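Listing of protein.tsv, TSV, C-alpha atoms and all ligand atoms
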```tsv
chain	number	residue	atom	x	y	z
A	144	MET	CA	8.37	-2.17	189.73
A	145	THR	CA	9.44	-3.69	186.43
A	146	ALA	CA	8.74	-7.38	185.97
A	147	SER	CA	12.18	-8.20	184.64
A	148	LEU	CA	15.60	-6.70	184.04
A	149	PRO	CA	16.02	-4.09	181.30
A	150	PRO	CA	17.18	-5.86	178.08
A	151	GLN	CA	20.64	-4.25	177.92
A	152	ILE	CA	21.35	-5.31	181.53
A	153	GLN	CA	20.11	-8.83	180.74
A	154	ARG	CA	22.57	-8.97	177.82
A	155	GLU	CA	25.49	-7.55	179.81
A	156	SER	CA	24.87	-9.85	182.75
A	157	LYS	CA	25.75	-12.83	180.57
A	158	SER	CA	28.08	-11.24	178.05
A	159	ASP	CA	31.60	-12.41	178.89
A	160	GLN	CA	34.01	-14.15	181.26
A	161	TYR	CA	33.29	-11.60	184.00
A	162	ALA	CA	29.61	-12.45	184.13
A	163	PRO	CA	28.61	-13.37	187.70
A	164	ARG	CA	27.83	-17.01	188.33
A	165	LYS	CA	26.32	-18.77	191.35
A	166	GLU	CA	29.68	-20.32	192.28
A	167	ASP	CA	31.14	-16.83	192.76
A	168	LYS	CA	28.99	-16.62	195.93
A	169	PHE	CA	27.86	-13.04	195.42
A	170	SER	CA	25.20	-11.75	197.77
A	171	PHE	CA	23.33	-8.49	198.36
A	172	GLY	CA	21.19	-7.25	201.22
A	173	LEU	CA	17.54	-6.51	200.63
A	174	TRP	CA	18.41	-3.10	202.07
A	175	THR	CA	21.20	-2.54	199.51
A	176	VAL	CA	19.42	-2.82	196.17
A	177	GLY	CA	16.29	-1.72	198.05
A	178	ASN	CA	17.94	1.54	199.16
A	179	ARG	CA	15.58	4.32	198.09
A	180	GLY	CA	18.09	7.13	198.21
A	181	ARG	CA	16.82	9.02	201.24
A	182	ASP	CA	19.58	10.99	202.97
A	183	PRO	CA	19.63	13.62	205.76
A	184	PHE	CA	18.99	16.32	203.17
A	185	GLY	CA	16.48	14.78	200.83
A	186	ASP	CA	13.61	12.40	200.52
A	187	PHE	CA	13.19	9.05	198.76
A	188	VAL	CA	13.94	9.14	195.04
A	189	ARG	CA	13.04	5.56	194.10
A	190	PRO	CA	9.94	3.44	194.76
A	191	THR	CA	9.98	0.49	197.13
A	192	LEU	CA	11.30	-2.76	195.62
A	193	ASN	CA	9.33	-5.72	196.74
A	194	PRO	CA	11.42	-8.56	198.24
A	195	ILE	CA	10.03	-11.21	195.89
A	196	SER	CA	10.95	-9.28	192.72
A	197	THR	CA	14.32	-8.46	194.25
A	198	VAL	CA	15.05	-12.17	194.66
A	199	LYS	CA	14.10	-12.73	191.01
A	200	MET	CA	16.17	-9.82	189.65
A	201	LEU	CA	19.27	-10.67	191.64
A	202	SER	CA	19.04	-14.29	190.61
A	203	GLN	CA	18.76	-13.29	186.94
A	204	LEU	CA	21.82	-11.11	187.34
A	205	GLY	CA	23.85	-14.08	188.61
A	206	ALA	CA	23.83	-13.45	192.36
A	207	TRP	CA	23.81	-16.42	194.74
A	208	GLY	CA	22.47	-15.02	197.99
A	209	ILE	CA	20.21	-12.41	199.50
A	210	ASN	CA	20.59	-11.17	203.08
A	211	LEU	CA	18.20	-9.27	205.25
A	212	HIS	CA	17.37	-7.52	208.48
A	213	ASP	CA	14.23	-8.84	210.17
A	214	ASN	CA	12.31	-5.71	209.19
A	215	ASP	CA	13.53	-5.63	205.58
A	216	LEU	CA	11.11	-8.52	205.17
A	217	VAL	CA	8.67	-8.47	208.08
A	218	PRO	CA	7.38	-5.07	209.21
A	219	ILE	CA	8.05	-4.38	212.89
A	220	ASP	CA	4.30	-4.24	213.62
A	221	ALA	CA	3.26	-7.33	211.60
A	222	THR	CA	0.88	-9.81	213.22
A	223	LEU	CA	1.97	-13.45	213.47
A	224	ALA	CA	-0.36	-14.36	210.60
A	225	GLN	CA	1.08	-11.59	208.40
A	226	ARG	CA	4.61	-12.60	209.34
A	227	ASN	CA	3.96	-16.23	208.43
A	228	ARG	CA	2.43	-15.33	205.07
A	229	ILE	CA	5.32	-13.00	204.15
A	230	VAL	CA	7.95	-15.56	205.17
A	231	HIS	CA	6.15	-18.34	203.31
A	232	GLU	CA	6.02	-16.30	200.08
A	233	PHE	CA	9.64	-15.28	200.42
A	234	LYS	CA	10.78	-18.88	200.91
A	235	GLN	CA	8.80	-19.82	197.81
A	236	ALA	CA	10.62	-17.11	195.82
A	237	LEU	CA	14.00	-18.34	197.11
A	238	SER	CA	13.22	-21.81	195.91
A	239	ASP	CA	11.68	-20.63	192.59
A	240	TYR	CA	14.77	-18.59	191.71
A	241	GLY	CA	17.46	-20.74	193.31
A	242	MET	CA	18.61	-18.17	195.84
A	243	LEU	CA	19.94	-18.62	199.39
A	244	VAL	CA	19.88	-16.48	202.52
A	245	PRO	CA	23.49	-16.88	203.72
A	246	MET	CA	23.31	-14.14	206.36
A	247	ALA	CA	20.65	-12.43	208.45
A	248	THR	CA	20.69	-9.60	210.96
A	249	THR	CA	18.51	-7.47	213.22
A	250	ASN	CA	17.44	-3.91	212.69
A	251	LEU	CA	18.35	-2.35	216.03
A	252	PHE	CA	18.68	1.22	214.79
A	253	PHE	CA	15.65	2.43	212.78
A	254	HIS	CA	12.79	2.58	215.27
A	255	PRO	CA	12.92	5.60	217.64
A	256	VAL	CA	13.06	3.20	220.61
A	257	PHE	CA	16.71	2.63	219.64
A	258	LYS	CA	17.72	6.30	219.60
A	259	ASP	CA	20.25	5.66	222.39
A	260	GLY	CA	21.32	2.28	221.00
A	261	ALA	CA	20.11	-1.22	221.73
A	262	PHE	CA	22.43	-3.45	223.79
A	263	THR	CA	24.21	-0.41	225.27
A	264	CYS	CA	21.20	1.87	225.75
A	265	VAL	CA	21.13	3.27	229.27
A	266	ASP	CA	17.50	2.17	229.65
A	267	PRO	CA	17.21	-1.49	230.75
A	268	ALA	CA	13.78	-1.86	229.12
A	269	VAL	CA	15.29	-0.97	225.74
A	270	ARG	CA	18.15	-3.41	226.30
A	271	ALA	CA	15.66	-6.13	227.17
A	272	PHE	CA	13.54	-5.37	224.10
A	273	ALA	CA	16.69	-5.46	221.92
A	274	LEU	CA	17.46	-8.98	223.18
A	275	GLN	CA	13.91	-10.13	222.59
A	276	LYS	CA	13.85	-8.63	219.07
A	277	THR	CA	17.18	-10.26	218.25
A	278	MET	CA	16.08	-13.71	219.45
A	279	THR	CA	13.00	-13.48	217.24
A	280	ALA	CA	15.12	-12.30	214.31
A	281	ILE	CA	17.61	-15.12	214.86
A	282	ASP	CA	14.70	-17.58	214.64
A	283	LEU	CA	13.70	-15.97	211.33
A	284	GLY	CA	17.27	-16.07	209.99
A	285	VAL	CA	17.61	-19.75	210.88
A	286	GLU	CA	14.23	-20.53	209.32
A	287	LEU	CA	15.50	-18.95	206.09
A	288	GLY	CA	18.70	-21.00	206.23
A	289	ALA	CA	21.22	-18.36	207.34
A	290	ALA	CA	24.58	-19.65	208.55
A	291	THR	CA	25.92	-16.27	209.66
A	292	TYR	CA	24.26	-13.69	211.88
A	293	VAL	CA	25.58	-10.13	211.68
A	294	PHE	CA	25.71	-7.57	214.47
A	295	TRP	CA	26.35	-4.04	213.27
A	296	GLY	CA	26.47	-1.64	216.22
A	297	GLY	CA	24.05	0.85	214.65
A	298	ARG	CA	23.40	3.39	217.39
A	299	GLU	CA	25.59	1.73	220.03
A	300	GLY	CA	27.67	4.73	220.99
A	301	VAL	CA	27.42	8.31	222.15
A	302	ASP	CA	26.96	11.87	221.13
A	303	ALA	CA	27.31	13.20	224.70
A	304	GLU	CA	30.20	11.42	226.41
A	305	ALA	CA	28.90	12.54	229.80
A	306	GLY	CA	25.78	10.45	229.40
A	307	LYS	CA	27.28	6.98	229.25
A	308	ASP	CA	29.92	5.01	231.08
A	309	ALA	CA	32.12	3.57	228.32
A	310	VAL	CA	33.31	0.65	230.48
A	311	LEU	CA	29.77	-0.25	231.48
A	312	ALA	CA	28.67	-0.01	227.86
A	313	LEU	CA	31.25	-2.62	226.88
A	314	LYS	CA	30.12	-4.90	229.68
A	315	ARG	CA	26.53	-4.54	228.48
A	316	MET	CA	27.56	-5.34	224.93
A	317	ARG	CA	29.38	-8.43	226.20
A	318	ASP	CA	26.40	-9.52	228.33
A	319	ALA	CA	24.10	-9.24	225.31
A	320	LEU	CA	26.37	-11.28	223.02
A	321	ASN	CA	26.94	-13.91	225.71
A	322	PHE	CA	23.19	-14.16	226.20
A	323	LEU	CA	22.57	-14.57	222.48
A	324	CYS	CA	25.36	-17.12	222.00
A	325	GLN	CA	23.77	-19.18	224.75
A	326	TYR	CA	20.40	-18.81	223.05
A	327	VAL	CA	21.84	-20.20	219.81
A	328	ILE	CA	23.43	-23.10	221.69
A	329	ASP	CA	20.25	-23.90	223.64
A	330	LYS	CA	18.22	-23.89	220.41
A	331	GLY	CA	20.71	-26.19	218.73
A	332	TYR	CA	21.27	-23.72	215.87
A	333	THR	CA	24.51	-23.90	213.87
A	334	LEU	CA	24.82	-20.17	213.56
A	335	ARG	CA	27.95	-18.07	213.82
A	336	PHE	CA	27.96	-14.41	214.80
A	337	ALA	CA	29.86	-11.82	212.75
A	338	LEU	CA	30.43	-8.43	214.40
A	339	GLU	CA	30.69	-5.38	212.17
A	340	PRO	CA	32.73	-2.40	213.34
A	341	LYS	CA	32.14	1.20	212.27
A	342	PRO	CA	33.82	4.28	213.75
A	343	ASN	CA	30.86	6.68	213.71
A	344	GLU	CA	27.52	7.44	212.05
A	345	PRO	CA	24.74	7.58	212.99
A	346	ARG	CA	26.26	8.32	216.45
A	347	SER	CA	29.22	10.69	216.59
A	348	ASP	CA	31.24	7.86	218.17
A	349	THR	CA	30.36	4.18	217.92
A	350	TYR	CA	31.68	1.65	220.43
A	351	LEU	CA	34.13	-0.94	219.08
A	352	PRO	CA	35.02	1.29	216.11
A	353	THR	CA	37.48	-0.80	214.07
A	354	ILE	CA	38.41	-4.37	213.17
A	355	GLY	CA	41.17	-4.32	215.79
A	356	HIS	CA	38.89	-3.17	218.62
A	357	MET	CA	36.29	-5.75	217.70
A	358	LEU	CA	38.78	-8.59	217.42
A	359	ALA	CA	40.14	-7.95	220.90
A	360	PHE	CA	36.59	-7.79	222.29
A	361	ILE	CA	35.64	-11.17	220.77
A	362	TYR	CA	38.20	-12.96	222.93
A	363	THR	CA	36.52	-11.62	226.09
A	364	LEU	CA	33.24	-13.39	225.26
A	365	ASP	CA	32.04	-16.68	226.78
A	366	HIS	CA	32.05	-18.37	223.34
A	367	PRO	CA	34.72	-16.68	221.22
A	368	GLU	CA	34.72	-19.68	218.86
A	369	MET	CA	31.17	-18.74	217.74
A	370	VAL	CA	32.01	-15.13	217.05
A	371	GLY	CA	34.00	-13.52	214.24
A	372	LEU	CA	34.00	-10.41	212.12
A	373	ASN	CA	32.05	-8.80	209.30
A	374	PRO	CA	34.40	-5.99	208.28
A	375	GLU	CA	33.26	-3.36	205.77
A	376	VAL	CA	35.49	-1.52	203.29
A	377	ALA	CA	33.83	1.87	203.81
A	378	HIS	CA	33.93	1.69	207.60
A	379	GLU	CA	37.68	1.13	207.90
A	380	HIS	CA	38.33	3.82	205.28
A	381	MET	CA	36.19	6.21	207.33
A	382	ALA	CA	38.72	5.66	210.11
A	383	GLY	CA	41.60	6.22	207.67
A	384	LEU	CA	42.80	2.63	208.02
A	385	ASN	CA	44.21	0.08	205.59
A	386	PHE	CA	41.28	-2.30	205.04
A	387	VAL	CA	43.43	-5.03	203.48
A	388	HIS	CA	45.59	-5.20	206.60
A	389	GLY	CA	42.58	-5.32	208.89
A	390	VAL	CA	40.99	-8.10	206.88
A	391	ALA	CA	44.31	-9.97	206.79
A	392	GLN	CA	44.45	-9.87	210.57
A	393	ALA	CA	40.90	-11.19	210.88
A	394	LEU	CA	41.58	-13.89	208.29
A	395	GLU	CA	44.81	-14.97	209.94
A	396	ALA	CA	42.99	-15.26	213.26
A	397	GLY	CA	40.32	-17.47	211.63
A	398	LYS	CA	37.80	-14.71	212.31
A	399	LEU	CA	36.77	-13.53	208.85
A	400	PHE	CA	33.24	-14.96	208.99
A	401	HIS	CA	31.73	-12.56	206.46
A	402	ILE	CA	32.66	-9.40	204.57
A	403	ASP	CA	30.87	-6.23	203.46
A	404	LEU	CA	32.27	-5.14	200.11
A	405	ASN	CA	31.75	-1.60	198.86
A	406	ASP	CA	33.83	1.54	198.35
A	407	GLN	CA	34.40	4.91	199.96
A	408	LYS	CA	36.14	8.23	199.27
A	409	GLY	CA	38.35	8.48	202.34
A	410	PRO	CA	37.39	9.58	205.84
A	411	ARG	CA	33.97	11.15	205.51
A	412	TYR	CA	30.35	9.99	205.86
A	413	ASP	CA	29.62	6.32	205.07
A	414	GLN	CA	29.19	6.21	201.29
A	415	ASP	CA	28.67	2.50	200.57
A	416	PHE	CA	29.59	3.00	196.92
A	417	ARG	CA	29.62	0.31	194.23
A	418	PHE	CA	32.44	-2.15	194.85
A	419	GLY	CA	35.69	-1.02	193.24
A	420	SER	CA	34.31	2.34	192.11
A	421	GLU	CA	36.90	4.46	193.94
A	422	ASN	CA	40.03	2.82	195.36
A	423	ILE	CA	41.19	0.71	192.45
A	424	LYS	CA	44.54	-0.39	193.88
A	425	ALA	CA	43.20	-1.17	197.35
A	426	THR	CA	40.39	-3.16	195.72
A	427	PHE	CA	42.91	-5.20	193.73
A	428	PHE	CA	44.85	-6.13	196.88
A	429	LEU	CA	41.63	-6.91	198.74
A	430	VAL	CA	40.46	-9.34	196.06
A	431	LYS	CA	43.98	-10.79	195.96
A	432	LEU	CA	43.85	-11.40	199.71
A	433	LEU	CA	40.40	-12.98	199.65
A	434	GLU	CA	41.16	-15.17	196.65
A	435	GLU	CA	44.61	-16.29	197.69
A	436	LYS	CA	44.38	-16.67	201.45
A	437	GLY	CA	41.55	-19.12	201.71
A	438	TYR	CA	38.44	-17.00	202.31
A	439	THR	CA	35.54	-19.22	201.24
A	440	GLY	CA	32.61	-17.21	202.61
A	441	PRO	CA	30.09	-15.04	200.79
A	442	ARG	CA	31.23	-12.07	198.70
A	443	HIS	CA	28.57	-9.77	200.07
A	444	PHE	CA	27.98	-6.29	198.68
A	445	ASP	CA	26.80	-3.88	201.36
A	446	ALA	CA	26.52	-0.97	198.99
A	447	HIS	CA	23.85	1.03	197.24
A	448	CYS	CA	23.54	2.90	194.00
A	449	TYR	CA	23.87	6.66	193.58
A	450	ARG	CA	20.88	8.73	194.60
A	451	THR	CA	20.67	10.04	191.05
A	452	GLU	CA	19.54	6.66	189.69
A	453	ASP	CA	16.20	5.18	188.78
A	454	GLU	CA	15.49	1.46	189.08
A	455	ALA	CA	17.54	0.55	185.98
A	456	GLY	CA	20.47	2.24	187.74
A	457	VAL	CA	20.00	-0.12	190.70
A	458	TRP	CA	20.59	-3.13	188.45
A	459	ASP	CA	23.51	-1.41	186.70
A	460	PHE	CA	24.96	-0.91	190.17
A	461	ALA	CA	24.40	-4.51	191.28
A	462	LEU	CA	25.84	-5.99	188.12
A	463	GLY	CA	28.77	-3.57	188.34
A	464	CYS	CA	29.70	-4.76	191.85
A	465	MET	CA	29.84	-8.38	190.72
A	466	ARG	CA	31.58	-7.78	187.38
A	467	THR	CA	34.21	-5.63	189.04
A	468	TYR	CA	34.94	-8.36	191.59
A	469	ASN	CA	35.42	-10.86	188.75
A	470	MET	CA	37.54	-8.42	186.75
A	471	PHE	CA	39.86	-8.01	189.73
A	472	LYS	CA	39.91	-11.76	190.20
A	473	GLU	CA	41.28	-12.02	186.66
A	474	LYS	CA	43.87	-9.29	187.40
A	475	VAL	CA	44.94	-11.25	190.47
A	476	ARG	CA	45.36	-14.34	188.34
A	477	ARG	CA	47.52	-12.36	185.91
A	478	PHE	CA	49.63	-11.01	188.75
A	479	SER	CA	50.40	-14.49	190.02
A	480	ALA	CA	51.04	-15.81	186.47
A	481	ASP	CA	53.36	-12.94	185.52
A	482	THR	CA	56.86	-14.41	185.34
A	483	GLU	CA	58.62	-11.07	185.78
A	484	ILE	CA	56.61	-10.23	188.88
A	485	GLN	CA	57.07	-13.67	190.36
A	486	ALA	CA	60.82	-13.66	189.72
A	487	LEU	CA	61.06	-10.27	191.38
A	488	LEU	CA	59.06	-11.48	194.37
A	489	GLN	CA	61.28	-14.50	194.74
A	490	GLU	CA	64.42	-12.43	194.61
A	491	LEU	CA	62.95	-9.95	197.05
A	492	ASN	CA	62.02	-12.56	199.61
A	493	GLY	CA	65.21	-14.56	199.13
A	494	GLY	CA	67.81	-12.50	200.98
A	495	ASP	CA	70.82	-13.88	202.83
A	496	GLN	CA	69.82	-17.33	204.13
A	497	THR	CA	72.69	-17.56	206.68
A	498	TYR	CA	70.48	-16.52	209.55
A	499	GLY	CA	67.19	-18.02	208.37
A	500	GLY	CA	67.49	-21.01	210.72
A	501	LEU	CA	67.76	-18.73	213.73
A	502	LEU	CA	64.35	-17.21	213.14
A	503	SER	CA	62.12	-20.22	213.61
A	504	GLY	CA	61.58	-19.91	217.32
A	505	TYR	CA	63.33	-19.65	220.66
A	506	THR	CA	65.59	-22.45	221.87
A	507	ALA	CA	68.67	-22.22	224.07
A	508	GLU	CA	70.72	-22.88	220.92
A	509	THR	CA	69.09	-20.32	218.64
A	510	MET	CA	69.26	-17.79	221.45
A	511	SER	CA	73.00	-18.17	222.04
A	512	LYS	CA	73.83	-18.35	218.31
A	513	LEU	CA	71.82	-15.21	217.74
A	514	LYS	CA	73.53	-13.41	220.61
A	515	GLU	CA	76.93	-14.22	219.12
A	516	ALA	CA	76.10	-13.64	215.47
A	517	LYS	CA	78.00	-10.89	213.60
A	518	PHE	CA	75.96	-8.67	211.29
A	519	ASP	CA	77.39	-6.42	208.62
A	520	ILE	CA	74.62	-3.90	208.99
A	521	ASN	CA	76.19	-1.43	206.59
A	522	ARG	CA	76.18	-4.05	203.84
A	523	LEU	CA	72.61	-5.02	204.73
A	524	ALA	CA	71.60	-1.39	204.60
A	525	GLN	CA	72.86	-1.05	201.05
A	526	ARG	CA	70.42	-3.35	199.38
A	527	GLY	CA	67.48	-2.04	197.41
A	528	TYR	CA	64.07	-3.64	197.69
A	529	TYR	CA	62.76	-3.12	194.10
A	530	TYR	CA	59.42	-1.92	195.43
A	531	GLU	CA	59.27	0.82	192.79
A	532	ARG	CA	59.58	-1.74	190.00
A	533	LEU	CA	57.19	-4.17	191.61
A	534	ASP	CA	54.56	-1.55	192.35
A	535	GLN	CA	54.77	-0.22	188.80
A	536	LEU	CA	54.22	-3.75	187.48
A	537	ALA	CA	51.21	-4.09	189.77
A	538	VAL	CA	49.84	-0.82	188.39
A	539	GLU	CA	50.40	-2.07	184.84
A	540	ILE	CA	48.50	-5.27	185.65
A	541	ILE	CA	45.64	-3.28	187.13
A	542	LEU	CA	45.52	-0.89	184.15
A	543	GLY	CA	45.44	-3.80	181.73
A	544	LEU	CA	48.90	-3.42	180.20
A	545	ARG	CA	50.09	-6.86	181.25
B	1	LIG	C1	23.29	-0.65	207.51
B	1	LIG	C2	24.77	-0.45	207.76
B	1	LIG	C3	25.58	-1.57	207.29
B	1	LIG	C4	25.32	-2.86	207.99
B	1	LIG	C5	23.95	-3.37	207.78
B	1	LIG	C6	23.71	-4.55	208.69
B	1	LIG	S1	22.72	-2.21	207.86
B	1	LIG	O1	23.01	-0.42	206.17
B	1	LIG	O2	25.17	0.77	207.14
B	1	LIG	O3	26.95	-1.30	207.32
B	1	LIG	O4	26.17	-3.82	207.45
B	1	LIG	O5	23.03	-4.19	209.83
B	2	MN	MN	27.91	-3.06	206.43
B	3	MN	MN	28.67	1.32	205.30
```
Take the structure in the file and write it out as structure tokens.
Ligand code: GLT
Ligand code: MN
Ligand code: MN
Amino acid sequence: MTASLPPQIQRESKSDQYAPRKEDKFSFGLWTVGNRGRDPFGDFVRPTLNPISTVKMLSQLGAWGINLHDNDLVPIDATLAQRNRIVHEFKQALSDYGMLVPMATTNLFFHPVFKDGAFTCVDPAVRAFALQKTMTAIDLGVELGAATYVFWGGREGVDAEAGKDAVLALKRMRDALNFLCQYVIDKGYTLRFALEPKPNEPRSDTYLPTIGHMLAFIYTLDHPEMVGLNPEVAHEHMAGLNFVHGVAQALEAGKLFHIDLNDQKGPRYDQDFRFGSENIKATFFLVKLLEEKGYTGPRHFDAHCYRTEDEAGVWDFALGCMRTYNMFKEKVRRFSADTEIQALLQELNGGDQTYGGLLSGYTAETMSKLKEAKFDINRLAQRGYYYERLDQLAVEIILGLR
């Protein structure tokens, strides 16, 4: 492990207006920069990064936060004394390098005990252990200052449909989250839960596969006000969905508690690529949504660098995620400052105001006026919507021509 960042990365991390700063609220998981490149076909390609140096490196790069699973920091078989020493040293590093732990989570998928899932495993002993492990991990997260606690389903799902009752599985998931909400309340913690959907992988089908499924489920919980979403770019793209629309729905419902930023080449295995490395236009509209619609939470990168890279590549990757976010932020600013685009948008949304007053809700009056109204639908059908022009202007903004 190198003691500090390679010189060219140190220079680049501070070079220009896109350089990440603490107020940008960028965070990474220990498991993201710490990803060692093992995949189902090949072994580790990079050495272990120790959590203390990771805190230092990320801080030097301009990141604000570092997130973790319980076992990213404390090995699953650590004694209490070992656990306390590790946590103490980590807290010291956080304070030395001015870093926060905004979010924490539980690893409920790595150990073989979780091969059939955790909260939805058919074996009650595994479900009970999953609750116990999560309570302990919540205590750790709170001790480190986390305000958000993430639940990614991991292995909650099936390969063999015959083996599990899908309705019962949902009830078990609900029971677990209700139990843990009550635990947080009883402990007096101010922690919010953020549920992270994923359609498949590692199971062939995961329960609660998309933002929409998860959102509906939240409202069936005992404490829906404590529970929101942690949507991930790659996961919605795996399901072939429009991530921006999913995030907009969560945001509009007041449920965007956290976000996992990365990138993905369409519906295939979960790639967790560097933010903005693939879907340039979708990334632009995502940053536009987050920046303009009042999302104030962490900009968390749940991504990892290509398997081809050595440790320098890890820091290239991390800096790239943050710089790209800031570059898109600047593009978004240009879009909203572009007089031609704004004039076009105004014209587009203007339309015939005659009927505008009838659209603000049902009253006996609006109802009868609307029933009697005469519409020249052939004239209405003739208008053009200038979307070609507008979209081209958006492309020109993104490509740096405006
Ligand atoms: C795992 C997964 C991610 C989740 C993390 C939180 S762990 O890497 O692929 O999408 O966000 O448990
Ligand atoms: Mn994720
Ligand atoms: Mn992913």
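The shell of residues at most 8 Å from A:Gly172, with all atoms listed in the file counted and near chain neighbours (fewer than 2 positions) removed, consists of Ser170, Trp174, Thr175, Val176, Ile209, Asn210, Leu211, His443, Phe444 and Asp445 of chain A.
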Suppose we keep C-alpha atoms; can you now write the selection as a compact mmCIF listing (two decimals), in the frame of the given file?
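Dumped everything to again-v7.txt:
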```
# COMPACT_ATOMS: atom_id res chain seq x y z
CA SER A 170 25.20 -11.75 197.77
CA TRP A 174 18.41 -3.10 202.07
CA THR A 175 21.20 -2.54 199.51
CA VAL A 176 19.42 -2.82 196.17
CA ILE A 209 20.21 -12.41 199.50
CA ASN A 210 20.59 -11.17 203.08
CA LEU A 211 18.20 -9.27 205.25
CA HIS A 443 28.57 -9.77 200.07
CA PHE A 444 27.98 -6.29 198.68
CA ASP A 445 26.80 -3.88 201.36
```
note - atom CA of A:Leu432 and atom CA of A:Leu394 are separated by 9.2 Å
Give me the residues near A:Pro149 as number ranges by chain, where near means some atom within 10 Å (using only C-alpha atoms) and where sequence neighbours in that chain fewer than 2 positions away do not count.
A: 145-147, 151-154, 454-455, 458-459
Taking (34.2, 8.2, 210.4) as a centre in this file's frame and 7 Å as the limit, can you find every polymer residue with an atom that close, using only C-alpha atoms, and give them as an NGL selection string?
:A and (342-344 or 381-382 or 410-412)
Which protein, DNA or RNA residues have an atom within 10 Å of ligand LIG 1 (chain B), counting all atoms listed in the file, as a ChimeraX atom specification?
/A:172-175,178,210-213,246-253,292-297,338-341,344-345,373-378,402-405,413-415,443-447
Please rebuild stretch 367-378 of chain A with N, CA, C and O atoms and return the result as an mmCIF file, in the frame of the given file.
```
data_model
loop_
_atom_site.group_PDB
_atom_site.id
_atom_site.type_symbol
_atom_site.label_atom_id
_atom_site.label_comp_id
_atom_site.auth_asym_id
_atom_site.auth_seq_id
_atom_site.Cartn_x
_atom_site.Cartn_y
_atom_site.Cartn_z
ATOM 1 N N PRO A 367 34.027 -17.370 222.320
ATOM 2 C CA PRO A 367 34.720 -16.680 221.220
ATOM 3 C C PRO A 367 34.751 -17.508 219.941
ATOM 4 O O PRO A 367 34.800 -16.949 218.838
ATOM 5 N N GLU A 368 34.663 -18.830 220.064
ATOM 6 C CA GLU A 368 34.720 -19.680 218.860
ATOM 7 C C GLU A 368 33.489 -19.465 217.960
ATOM 8 O O GLU A 368 33.530 -19.751 216.770
ATOM 9 N N MET A 369 32.391 -18.964 218.538
ATOM 10 C CA MET A 369 31.170 -18.740 217.740
ATOM 11 C C MET A 369 31.143 -17.361 217.085
ATOM 12 O O MET A 369 30.217 -17.055 216.336
ATOM 13 N N VAL A 370 32.120 -16.533 217.428
ATOM 14 C CA VAL A 370 32.010 -15.130 217.050
ATOM 15 C C VAL A 370 33.225 -14.678 216.229
ATOM 16 O O VAL A 370 34.368 -14.916 216.615
ATOM 17 N N GLY A 371 32.950 -14.060 215.099
ATOM 18 C CA GLY A 371 34.000 -13.520 214.240
ATOM 19 C C GLY A 371 33.621 -12.141 213.753
ATOM 20 O O GLY A 371 32.823 -11.444 214.384
ATOM 21 N N LEU A 372 34.164 -11.771 212.596
ATOM 22 C CA LEU A 372 34.000 -10.410 212.120
ATOM 23 C C LEU A 372 33.255 -10.317 210.791
ATOM 24 O O LEU A 372 33.302 -11.248 209.972
ATOM 25 N N ASN A 373 32.597 -9.178 210.601
ATOM 26 C CA ASN A 373 32.050 -8.800 209.300
ATOM 27 C C ASN A 373 32.583 -7.405 208.984
ATOM 28 O O ASN A 373 31.885 -6.406 209.148
ATOM 29 N N PRO A 374 33.841 -7.314 208.551
ATOM 30 C CA PRO A 374 34.400 -5.990 208.280
ATOM 31 C C PRO A 374 33.844 -5.384 206.998
ATOM 32 O O PRO A 374 33.501 -6.109 206.068
ATOM 33 N N GLU A 375 33.768 -4.059 206.969
ATOM 34 C CA GLU A 375 33.260 -3.360 205.770
ATOM 35 C C GLU A 375 34.304 -2.377 205.248
ATOM 36 O O GLU A 375 34.855 -1.585 206.019
ATOM 37 N N VAL A 376 34.508 -2.405 203.939
ATOM 38 C CA VAL A 376 35.490 -1.520 203.290
ATOM 39 C C VAL A 376 35.296 -0.070 203.750
ATOM 40 O O VAL A 376 36.213 0.573 204.273
ATOM 41 N N ALA A 377 34.088 0.451 203.547
ATOM 42 C CA ALA A 377 33.830 1.870 203.810
ATOM 43 C C ALA A 377 34.134 2.238 205.259
ATOM 44 O O ALA A 377 34.680 3.310 205.543
ATOM 45 N N HIS A 378 33.796 1.348 206.176
ATOM 46 C CA HIS A 378 33.930 1.690 207.600
ATOM 47 C C HIS A 378 35.380 1.854 208.017
ATOM 48 O O HIS A 378 35.703 2.761 208.785
#
```
